[in-house]
Amino acid sequence: MENQIKKALLEGANDIFGIEIDEKLIQFQKTRKDFEGDITLVTFPFVKILKTSPEVAGEKIGVFLKEEIDFVEGFNVVKGFLNLVISNDYWLEELEKLNSDASFGYKKPNSGNTYMVEYSSPNTNKPLHLGHLRNNFLGYSVAEILKANGHIVVKTQIVNDRGIHICKSMLAWSKFAPEDAKGQKETPQNTGVKGDHFVGKYYVEFENQLMKEAVALAKDKLAENAFNEEDTEKLNKLFDLFNATSREEDKSKFMKLQSKIAEFTKADTDLLREAQDMLVKWEAKDPQTYLLWSTMNGWVYEGFASTYDRMGVNFDKMYYESDTYIIGKDLVLEGLTKGVFYKKEDGSVWIDLTDEGLDEKLLLRGDGTAVYMTQDLGTAFDRFRDYPDLNGIVYTVGNEQDYHFKVLFLVLKKLGYSWAESCYHLSYGMVDLPEGKMKSREGKVVDADDLMQDVVNDALESTKERGHLDGMTDKEILDLAEIIGMGGLKYFLLKVDPQKRMKFDPKESVDLNGNTAPFIQYAHARIQSLLAKIENTGEFNTAEFDSKAKELIKLMTEYPETISEAGKNHSPALIANYTFELVKTYNNFYQSVYISQEENETLKNFYLVLSKNVAKIIKSAMILLGVNVPDKM
């Protein structure tokens with residue numbers, strides 16, 4: 001429609017304006033709901049050309065368009081805005097096109113560019129948590145939206161399977177895991193604990209033991225007067241508060257005080273030194289250390305696999321930091337040779353980015369071990385080597401890593417890799433607990449597995465309360481609760497703009513009212529029930545529909561552009577909120593007509609076709625969000 005109007009204005013420019021006009025002057029926007037019209041042309045850009053007021057300009061252009069374009073039925077001018085009324089015949093033709101296109105809104109597969117989308121990227125020292133849920137759902141959805149835009153997409157993750165944090169879990173299990181009568185340590189197999197949860201328990205145990213040792217060391221050093229006067233005064237005050245605080249009665253305060261005291265001495269603890277020594281041994285391929293590492297990572301991978309399966313996400317290619325850090329170290333040495341990097345007296349390698357408004361960044365420690373930046377350099381290089389046709393990589397990572405990715409892309413450019421320009425950080429806001437930020441080392445996280453089960457349980461309870469389950473088996477009811485619960489969770493985390501920080505409300509996510517997945521899922525189920533009860537006899541060629549049906553068709557025709565914008569902005573929220581508006585508009589239409597009682601068969605068929613295509617778009621849109629829609633609810 002816009003293209004046809006634009007073409008008419010460009011071809012008739014001399015008749016309207018007396019001169020040829022620049023296409024950029026033609027600007028459209030949605031018509032405000034309080035004015036009659038289906039599309040609005042902004043007339044301010046034509047005021048100087050016509051040397052008249054915006055209202056007169058609008059009137060002149062409106063008359064021209066009504067005479068030249070069959071589907072322009074009327075118009076009205078409000079200040080600098082020309083509101084065009086489009087005929088029902090036009091919207092009927094649009095519905096016919098939509099009805100005949102099974103993949104409406106999607107571009108031809110593999111007709112675009114090739115992109116890699118990274119998401120999840122967990123550490124193998126702990127299970128996935130609430131933040132990972134937003135990450136996975138966001139990355140998966142962005143990948144699906146890019147595919148809907150015709151692009152070839154490689155879904156990937158980088159598994160953080162090495163580093164000091166991994167060694168902490170390994171060391172804690174080696175030192176503190178209980179043994180049975182046969183001298184065998186506990187494992188996921190003999191305890192029945194999911195592998196990633198099991199290893200995560202020992203990461204927390206390491207931190208607990210480290211805090212105890214650090215506090216004891218701080219106490220000893222205080223007695224020896226080993227601190228300067230300022231630190232001695234601070235520590236004495238902290239110890240006074242610490243000793244007066246009960247771990248049982250005020251655990252949060254106790255943990256905070258313990259952590260503050262530990263900051264003074266934890267770098268000097270034997271436990272941390274042992275973990276650092278273990279990392280050096282691992283990088284040196286010490287057989288015993290490597291065996292322990294591979295065994296514990298294996299436990300975690302089994303746990304991750306079941307979590308991903310329930311999430312409904314998948315990956316085409318896996319990368320492991322235990323492989324890519326080696327490539328990264330080679331790149332660092334290459335940059336050192338080229339003079340891009342420099343070495344300090346302790347042997348550590350750095351890059352100076354102060355000229356770019358950043359700071360100096362460590363790339364390799366003095367003991368030769370890699371840091372996150374090292375392995376991320378290697379991972380990026382490895383990906384473009386594996387997929388030379390890549391037009392870009394989308395990194396789905398929280399916004400606390402904004403600075404890291406600025407540095408990463410800049411370092412890659414300085415190394416001479418032009419493809420660094422094609423790397424994009426999809427930065428998203430954190431998901432908070434009611435009491436604040438999650439802290440893995442203290443075990444204060446919302447576990448992903450527990451949360452998924454909780455929302456499914458909530459969905460099951462609310463579904464039973466509503467009834468409408470006659471004839472369904474217990475398994476079918478449980479499957480429905482899974483669809484509603486997981487759909488509610490995904491939709492809730494995706495409906496918010498990715499850049500915004502958010503709080504998650506499990507109860508609200510499965511509410512049947514409001515901007516929720518169950519609200520949308522119910523609309524789809526109701527339409528399926530309607531279509532099952534009333535037979536569509538075929539013919540629906542009628543223009544006898546009212547403004548509510550017209551609004552619905554208009555909104556449906558916006559679906560392709562919504563997918564396009566969601567792809568450009570890497571924002572599933574655009575799809576989610578479009579679908580919510582579509583369902584609200586359909587409900588408004590549905591309540592204004594009596595489809596089953598409509599005596600005019602042609603009009604009834606029109607209503608059924610309209611409903612069928614609303615359901616088609618709902619299902620299509622929710623698939624892009626990774627959400628299933630039931631036929632019965």
# chains A, B, ... in the order shown; residues from 1 in each chain; ligands from 1
call {"tool": "residues_around", "arguments": {"residues": "segment 131-142 of chain A", "least_positions_apart": "2", "cutoff": "9 Å", "atoms": "only C-alpha atoms", "output": "PyMOL selection string"}}
result
chain A and resi 117-122+128-129+144-147+155+308+311-315+394-398+426+428+430-432+438+446+448+489-491+493-494+498+566-567+570-572+623-626
call {"tool": "write_last_selection", "arguments": {"atoms": "C-alpha atoms", "output": "compact mmCIF listing (two decimals), in the first residue's frame"}}
result
# COMPACT_ATOMS: atom_id res chain seq x y z
CA VAL A 117 24.10 -16.46 17.17
CA GLU A 118 25.83 -17.31 20.45
CA TYR A 119 23.77 -17.85 23.58
CA SER A 120 23.78 -19.75 26.88
CA SER A 121 27.59 -20.09 27.21
CA PRO A 122 27.52 -21.50 30.76
CA LEU A 128 21.97 -22.75 34.89
CA HIS A 129 19.96 -20.06 36.68
CA GLU A 144 14.62 -18.02 14.81
CA ILE A 145 13.64 -14.45 13.90
CA LEU A 146 16.75 -14.08 11.73
CA LYS A 147 15.84 -17.36 10.00
CA LYS A 155 23.19 -21.45 16.71
CA TYR A 308 18.23 -27.48 27.50
CA MET A 311 13.93 -25.20 27.74
CA GLY A 312 13.30 -26.20 24.13
CA VAL A 313 16.58 -24.71 22.86
CA ASN A 314 19.25 -26.32 20.71
CA PHE A 315 22.64 -25.66 19.15
CA VAL A 394 25.63 -12.02 17.50
CA TYR A 395 26.89 -12.46 21.08
CA THR A 396 23.95 -12.79 23.49
CA VAL A 397 25.58 -11.73 26.75
CA GLY A 398 24.39 -9.64 29.71
CA LEU A 426 23.33 -8.30 21.97
CA TYR A 428 20.53 -7.48 27.68
CA MET A 430 19.73 -8.70 34.16
CA VAL A 431 16.81 -10.53 35.77
CA ASP A 432 16.65 -9.75 39.49
CA MET A 438 22.01 -13.17 42.32
CA VAL A 446 17.09 -18.97 41.28
CA ALA A 448 16.66 -22.78 36.23
CA LEU A 489 8.02 -18.33 31.44
CA LYS A 490 9.50 -17.76 27.98
CA TYR A 491 7.01 -15.08 26.98
CA LEU A 493 11.20 -13.01 29.81
CA LEU A 494 10.95 -12.07 26.12
CA PRO A 498 16.22 -6.93 25.86
CA ALA A 566 12.46 -7.64 15.17
CA GLY A 567 15.34 -9.04 13.10
CA HIS A 570 17.41 -8.29 17.62
CA SER A 571 14.25 -7.87 19.70
CA PRO A 572 11.76 -10.70 20.29
CA ILE A 623 7.07 -20.32 17.34
CA LEU A 624 9.54 -17.45 16.83
CA LEU A 625 9.51 -17.02 20.61
CA GLY A 626 9.96 -20.75 21.19
call {"tool": "residues_around", "arguments": {"residues": "Thr31 of chain A", "least_positions_apart": "2", "cutoff": "12 Å", "atoms": "only C-alpha atoms", "output": "PyMOL selection string"}}
result
chain A and resi 28-29+33-42+75-78+81-86+551+554
call {"tool": "select_by_dssp", "arguments": {"residues": "segment 65-281 of chain A", "states": "helix (DSSP H, G or I)", "output": "PyMOL selection string"}}
result
chain A and resi 65-68+88-99+130-148+164-176+188-191+195-223+229-243+251-262+266-268+270-281
call {"tool": "select_by_dssp", "arguments": {"residues": "segment 66-237 of chain A", "states": "strand (DSSP E)", "output": "ChimeraX atom specification"}}
result
/A:72-78,81-86,114-118,152-159
call {"tool": "write_last_selection", "arguments": {"atoms": "C-alpha atoms", "output": "PDB file, in the first residue's frame"}}
result
ATOM      1  CA  VAL A  72      -8.169   5.367  -1.533  1.00  0.00           C
ATOM      2  CA  GLU A  73     -11.805   5.805  -0.569  1.00  0.00           C
ATOM      3  CA  GLY A  74     -11.575   9.087   1.306  1.00  0.00           C
ATOM      4  CA  PHE A  75      -9.366  11.298   3.438  1.00  0.00           C
ATOM      5  CA  ASN A  76      -9.265  13.920   6.146  1.00  0.00           C
ATOM      6  CA  VAL A  77      -6.605  16.426   7.118  1.00  0.00           C
ATOM      7  CA  VAL A  78      -5.609  17.200  10.694  1.00  0.00           C
ATOM      8  CA  PHE A  81      -1.297  14.970   8.712  1.00  0.00           C
ATOM      9  CA  LEU A  82      -3.261  13.500   5.800  1.00  0.00           C
ATOM     10  CA  ASN A  83      -5.298  10.515   7.008  1.00  0.00           C
ATOM     11  CA  LEU A  84      -6.223   8.222   4.117  1.00  0.00           C
ATOM     12  CA  VAL A  85      -9.235   5.901   4.278  1.00  0.00           C
ATOM     13  CA  ILE A  86      -8.607   2.627   2.433  1.00  0.00           C
ATOM     14  CA  THR A 114      24.791 -16.080   7.167  1.00  0.00           C
ATOM     15  CA  TYR A 115      24.857 -15.257  10.871  1.00  0.00           C
ATOM     16  CA  MET A 116      26.038 -17.036  13.973  1.00  0.00           C
ATOM     17  CA  VAL A 117      24.099 -16.463  17.175  1.00  0.00           C
ATOM     18  CA  GLU A 118      25.827 -17.312  20.447  1.00  0.00           C
ATOM     19  CA  ILE A 152      21.114 -18.745   7.322  1.00  0.00           C
ATOM     20  CA  VAL A 153      21.731 -19.082  11.058  1.00  0.00           C
ATOM     21  CA  VAL A 154      24.219 -21.122  13.061  1.00  0.00           C
ATOM     22  CA  LYS A 155      23.192 -21.454  16.707  1.00  0.00           C
ATOM     23  CA  THR A 156      26.167 -21.867  18.981  1.00  0.00           C
ATOM     24  CA  GLN A 157      27.495 -21.598  22.485  1.00  0.00           C
ATOM     25  CA  ILE A 158      30.952 -21.381  24.022  1.00  0.00           C
ATOM     26  CA  VAL A 159      31.203 -23.634  27.043  1.00  0.00           C
TER      27      VAL A 159
END
call {"tool": "residues_around", "arguments": {"residues": "Gly80 of chain A", "least_positions_apart": "4", "cutoff": "12 Å", "atoms": "only C-alpha atoms", "output": "PyMOL selection string"}}
result
chain A and resi 27-28+40-47+52-59+61+76
call {"tool": "write_last_selection", "arguments": {"atoms": "N, CA and C atoms", "output": "CSV table (one decimal), in the first residue's frame"}}
result
chain,number,residue,atom,x,y,z
A,27,GLN,N,6.7,10.5,3.8
A,27,GLN,CA,6.8,9.9,5.1
A,27,GLN,C,5.4,9.4,5.6
A,28,PHE,N,5.4,8.1,6.0
A,28,PHE,CA,4.1,7.6,6.5
A,28,PHE,C,4.2,7.3,8.0
A,40,THR,N,-1.4,7.3,7.4
A,40,THR,CA,-1.3,8.8,7.5
A,40,THR,C,0.0,9.2,6.7
A,41,LEU,N,-0.2,10.2,5.9
A,41,LEU,CA,1.0,10.8,5.2
A,41,LEU,C,1.3,12.2,5.9
A,42,VAL,N,2.5,12.4,6.2
A,42,VAL,CA,3.0,13.6,6.9
A,42,VAL,C,3.1,14.7,5.8
A,43,THR,N,2.4,15.8,5.9
A,43,THR,CA,2.4,16.8,4.9
A,43,THR,C,3.4,18.0,5.1
A,44,PHE,N,4.0,18.1,6.3
A,44,PHE,CA,4.9,19.1,6.6
A,44,PHE,C,6.1,19.3,5.6
A,45,PRO,N,6.7,18.1,5.1
A,45,PRO,CA,7.8,18.3,4.1
A,45,PRO,C,7.4,19.0,2.8
A,46,PHE,N,6.1,19.1,2.5
A,46,PHE,CA,5.6,19.6,1.2
A,46,PHE,C,5.2,21.1,1.3
A,47,VAL,N,5.3,21.6,2.6
A,47,VAL,CA,4.8,23.0,2.8
A,47,VAL,C,5.6,24.0,2.0
A,52,THR,N,2.4,26.9,1.0
A,52,THR,CA,1.1,27.0,1.6
A,52,THR,C,1.1,26.3,3.0
A,53,SER,N,0.0,26.3,3.6
A,53,SER,CA,-0.1,25.7,5.0
A,53,SER,C,-0.1,24.2,4.9
A,54,PRO,N,0.2,23.5,6.0
A,54,PRO,CA,0.1,22.0,6.0
A,54,PRO,C,-1.3,21.5,5.6
A,55,GLU,N,-2.3,22.2,6.1
A,55,GLU,CA,-3.7,21.7,5.9
A,55,GLU,C,-4.0,21.8,4.4
A,56,VAL,N,-3.6,22.9,3.7
A,56,VAL,CA,-3.9,23.1,2.3
A,56,VAL,C,-3.1,22.0,1.5
A,57,ALA,N,-1.9,21.8,1.9
A,57,ALA,CA,-1.0,20.8,1.2
A,57,ALA,C,-1.7,19.5,1.3
A,58,GLY,N,-2.2,19.1,2.5
A,58,GLY,CA,-2.8,17.8,2.7
A,58,GLY,C,-4.1,17.7,1.9
A,59,GLU,N,-4.9,18.7,1.8
A,59,GLU,CA,-6.1,18.7,1.0
A,59,GLU,C,-5.8,18.4,-0.5
A,61,ILE,N,-3.1,17.1,-1.8
A,61,ILE,CA,-2.5,15.7,-2.0
A,61,ILE,C,-3.6,14.7,-1.9
A,76,ASN,N,-9.0,12.7,5.3
A,76,ASN,CA,-9.3,13.9,6.1
A,76,ASN,C,-7.9,14.5,6.5
call {"tool": "residues_around", "arguments": {"residues": "segment 105-108 of chain A", "least_positions_apart": "6", "cutoff": "6 Å", "atoms": "only C-alpha atoms", "output": "ChimeraX atom specification"}}
result
/A:148-150,559-560
call {"tool": "write_last_selection", "arguments": {"atoms": "N, CA, C and O atoms", "output": "PDB file, in the first residue's frame"}}
result
ATOM      1  N   ALA A 148      13.581 -16.450  10.024  1.00  0.00           N
ATOM      2  CA  ALA A 148      12.314 -16.031   9.412  1.00  0.00           C
ATOM      3  C   ALA A 148      12.524 -14.894   8.425  1.00  0.00           C
ATOM      4  O   ALA A 148      11.730 -14.710   7.499  1.00  0.00           O
ATOM      5  N   ASN A 149      13.601 -14.141   8.616  1.00  0.00           N
ATOM      6  CA  ASN A 149      13.948 -13.069   7.689  1.00  0.00           C
ATOM      7  C   ASN A 149      14.779 -13.574   6.513  1.00  0.00           C
ATOM      8  O   ASN A 149      15.309 -12.778   5.742  1.00  0.00           O
ATOM      9  N   GLY A 150      14.890 -14.893   6.383  1.00  0.00           N
ATOM     10  CA  GLY A 150      15.565 -15.491   5.235  1.00  0.00           C
ATOM     11  C   GLY A 150      17.035 -15.787   5.431  1.00  0.00           C
ATOM     12  O   GLY A 150      17.692 -16.308   4.523  1.00  0.00           O
ATOM     13  N   TYR A 559       2.295  -7.989  10.131  1.00  0.00           N
ATOM     14  CA  TYR A 559       3.144  -9.067  10.657  1.00  0.00           C
ATOM     15  C   TYR A 559       4.491  -9.182   9.942  1.00  0.00           C
ATOM     16  O   TYR A 559       5.533  -9.280  10.607  1.00  0.00           O
ATOM     17  N   PRO A 560       4.541  -9.163   8.604  1.00  0.00           N
ATOM     18  CA  PRO A 560       5.844  -9.262   7.938  1.00  0.00           C
ATOM     19  C   PRO A 560       6.815  -8.147   8.340  1.00  0.00           C
ATOM     20  O   PRO A 560       8.001  -8.398   8.576  1.00  0.00           O
TER      21      PRO A 560
END
call {"tool": "residues_around", "arguments": {"residues": "Glu263 of chain A", "least_positions_apart": "3", "cutoff": "9 Å", "atoms": "only C-alpha atoms", "output": "JSON, numbers by chain"}}
result
{"A": [211, 214, 215, 258, 259, 260, 266, 267]}
call {"tool": "atom_distance", "arguments": {"atom1": "atom CA of Ser169 of chain A", "atom2": "atom CA of Tyr202 of chain A"}}
result
5.1 Å
call {"tool": "decode", "arguments": {"residues": "segment 352-366 of chain A", "atoms": "N, CA, C and O atoms", "output": "PDB file, in the first residue's frame"}}
result
ATOM      1  N   ASP A 352      47.421  -1.574  25.386  1.00  0.00           N
ATOM      2  CA  ASP A 352      47.115  -0.225  25.866  1.00  0.00           C
ATOM      3  C   ASP A 352      46.049   0.386  24.965  1.00  0.00           C
ATOM      4  O   ASP A 352      46.292   0.660  23.789  1.00  0.00           O
ATOM      5  N   LEU A 353      44.856   0.607  25.513  1.00  0.00           N
ATOM      6  CA  LEU A 353      43.741   1.158  24.745  1.00  0.00           C
ATOM      7  C   LEU A 353      43.355   2.554  25.236  1.00  0.00           C
ATOM      8  O   LEU A 353      42.239   3.015  25.005  1.00  0.00           O
ATOM      9  N   THR A 354      44.264   3.198  25.939  1.00  0.00           N
ATOM     10  CA  THR A 354      43.947   4.519  26.508  1.00  0.00           C
ATOM     11  C   THR A 354      43.682   5.554  25.414  1.00  0.00           C
ATOM     12  O   THR A 354      42.904   6.489  25.623  1.00  0.00           O
ATOM     13  N   ASP A 355      44.311   5.390  24.246  1.00  0.00           N
ATOM     14  CA  ASP A 355      44.070   6.337  23.151  1.00  0.00           C
ATOM     15  C   ASP A 355      42.645   6.236  22.622  1.00  0.00           C
ATOM     16  O   ASP A 355      42.130   7.173  22.010  1.00  0.00           O
ATOM     17  N   GLU A 356      42.007   5.082  22.864  1.00  0.00           N
ATOM     18  CA  GLU A 356      40.621   4.881  22.421  1.00  0.00           C
ATOM     19  C   GLU A 356      39.628   5.187  23.537  1.00  0.00           C
ATOM     20  O   GLU A 356      38.441   4.862  23.437  1.00  0.00           O
ATOM     21  N   GLY A 357      40.129   5.786  24.631  1.00  0.00           N
ATOM     22  CA  GLY A 357      39.239   6.126  25.735  1.00  0.00           C
ATOM     23  C   GLY A 357      38.957   4.968  26.670  1.00  0.00           C
ATOM     24  O   GLY A 357      38.087   5.060  27.535  1.00  0.00           O
ATOM     25  N   LEU A 358      39.696   3.866  26.528  1.00  0.00           N
ATOM     26  CA  LEU A 358      39.514   2.722  27.406  1.00  0.00           C
ATOM     27  C   LEU A 358      40.712   2.656  28.358  1.00  0.00           C
ATOM     28  O   LEU A 358      41.219   3.679  28.764  1.00  0.00           O
ATOM     29  N   ASP A 359      41.166   1.456  28.714  1.00  0.00           N
ATOM     30  CA  ASP A 359      42.311   1.372  29.619  1.00  0.00           C
ATOM     31  C   ASP A 359      43.270   0.294  29.137  1.00  0.00           C
ATOM     32  O   ASP A 359      43.171  -0.180  28.002  1.00  0.00           O
ATOM     33  N   GLU A 360      44.222  -0.077  29.985  1.00  0.00           N
ATOM     34  CA  GLU A 360      45.125  -1.166  29.660  1.00  0.00           C
ATOM     35  C   GLU A 360      44.426  -2.482  30.005  1.00  0.00           C
ATOM     36  O   GLU A 360      43.784  -2.593  31.041  1.00  0.00           O
ATOM     37  N   LYS A 361      44.556  -3.469  29.117  1.00  0.00           N
ATOM     38  CA  LYS A 361      43.821  -4.728  29.302  1.00  0.00           C
ATOM     39  C   LYS A 361      44.780  -5.907  29.323  1.00  0.00           C
ATOM     40  O   LYS A 361      45.608  -6.074  28.423  1.00  0.00           O
ATOM     41  N   LEU A 362      44.646  -6.738  30.363  1.00  0.00           N
ATOM     42  CA  LEU A 362      45.461  -7.947  30.492  1.00  0.00           C
ATOM     43  C   LEU A 362      44.984  -8.997  29.494  1.00  0.00           C
ATOM     44  O   LEU A 362      43.794  -9.262  29.367  1.00  0.00           O
ATOM     45  N   LEU A 363      45.938  -9.605  28.775  1.00  0.00           N
ATOM     46  CA  LEU A 363      45.626 -10.629  27.795  1.00  0.00           C
ATOM     47  C   LEU A 363      46.204 -11.995  28.159  1.00  0.00           C
ATOM     48  O   LEU A 363      45.704 -13.020  27.709  1.00  0.00           O
ATOM     49  N   LEU A 364      47.282 -11.976  28.952  1.00  0.00           N
ATOM     50  CA  LEU A 364      47.923 -13.228  29.367  1.00  0.00           C
ATOM     51  C   LEU A 364      48.612 -12.981  30.703  1.00  0.00           C
ATOM     52  O   LEU A 364      49.340 -11.997  30.855  1.00  0.00           O
ATOM     53  N   ARG A 365      48.368 -13.858  31.677  1.00  0.00           N
ATOM     54  CA  ARG A 365      48.972 -13.674  32.990  1.00  0.00           C
ATOM     55  C   ARG A 365      50.488 -13.940  32.960  1.00  0.00           C
ATOM     56  O   ARG A 365      50.994 -14.581  32.030  1.00  0.00           O
ATOM     57  N   GLY A 366      51.155 -13.487  34.008  1.00  0.00           N
ATOM     58  CA  GLY A 366      52.602 -13.679  34.099  1.00  0.00           C
ATOM     59  C   GLY A 366      53.005 -15.142  34.153  1.00  0.00           C
ATOM     60  O   GLY A 366      54.108 -15.504  33.702  1.00  0.00           O
TER      61      GLY A 366
END
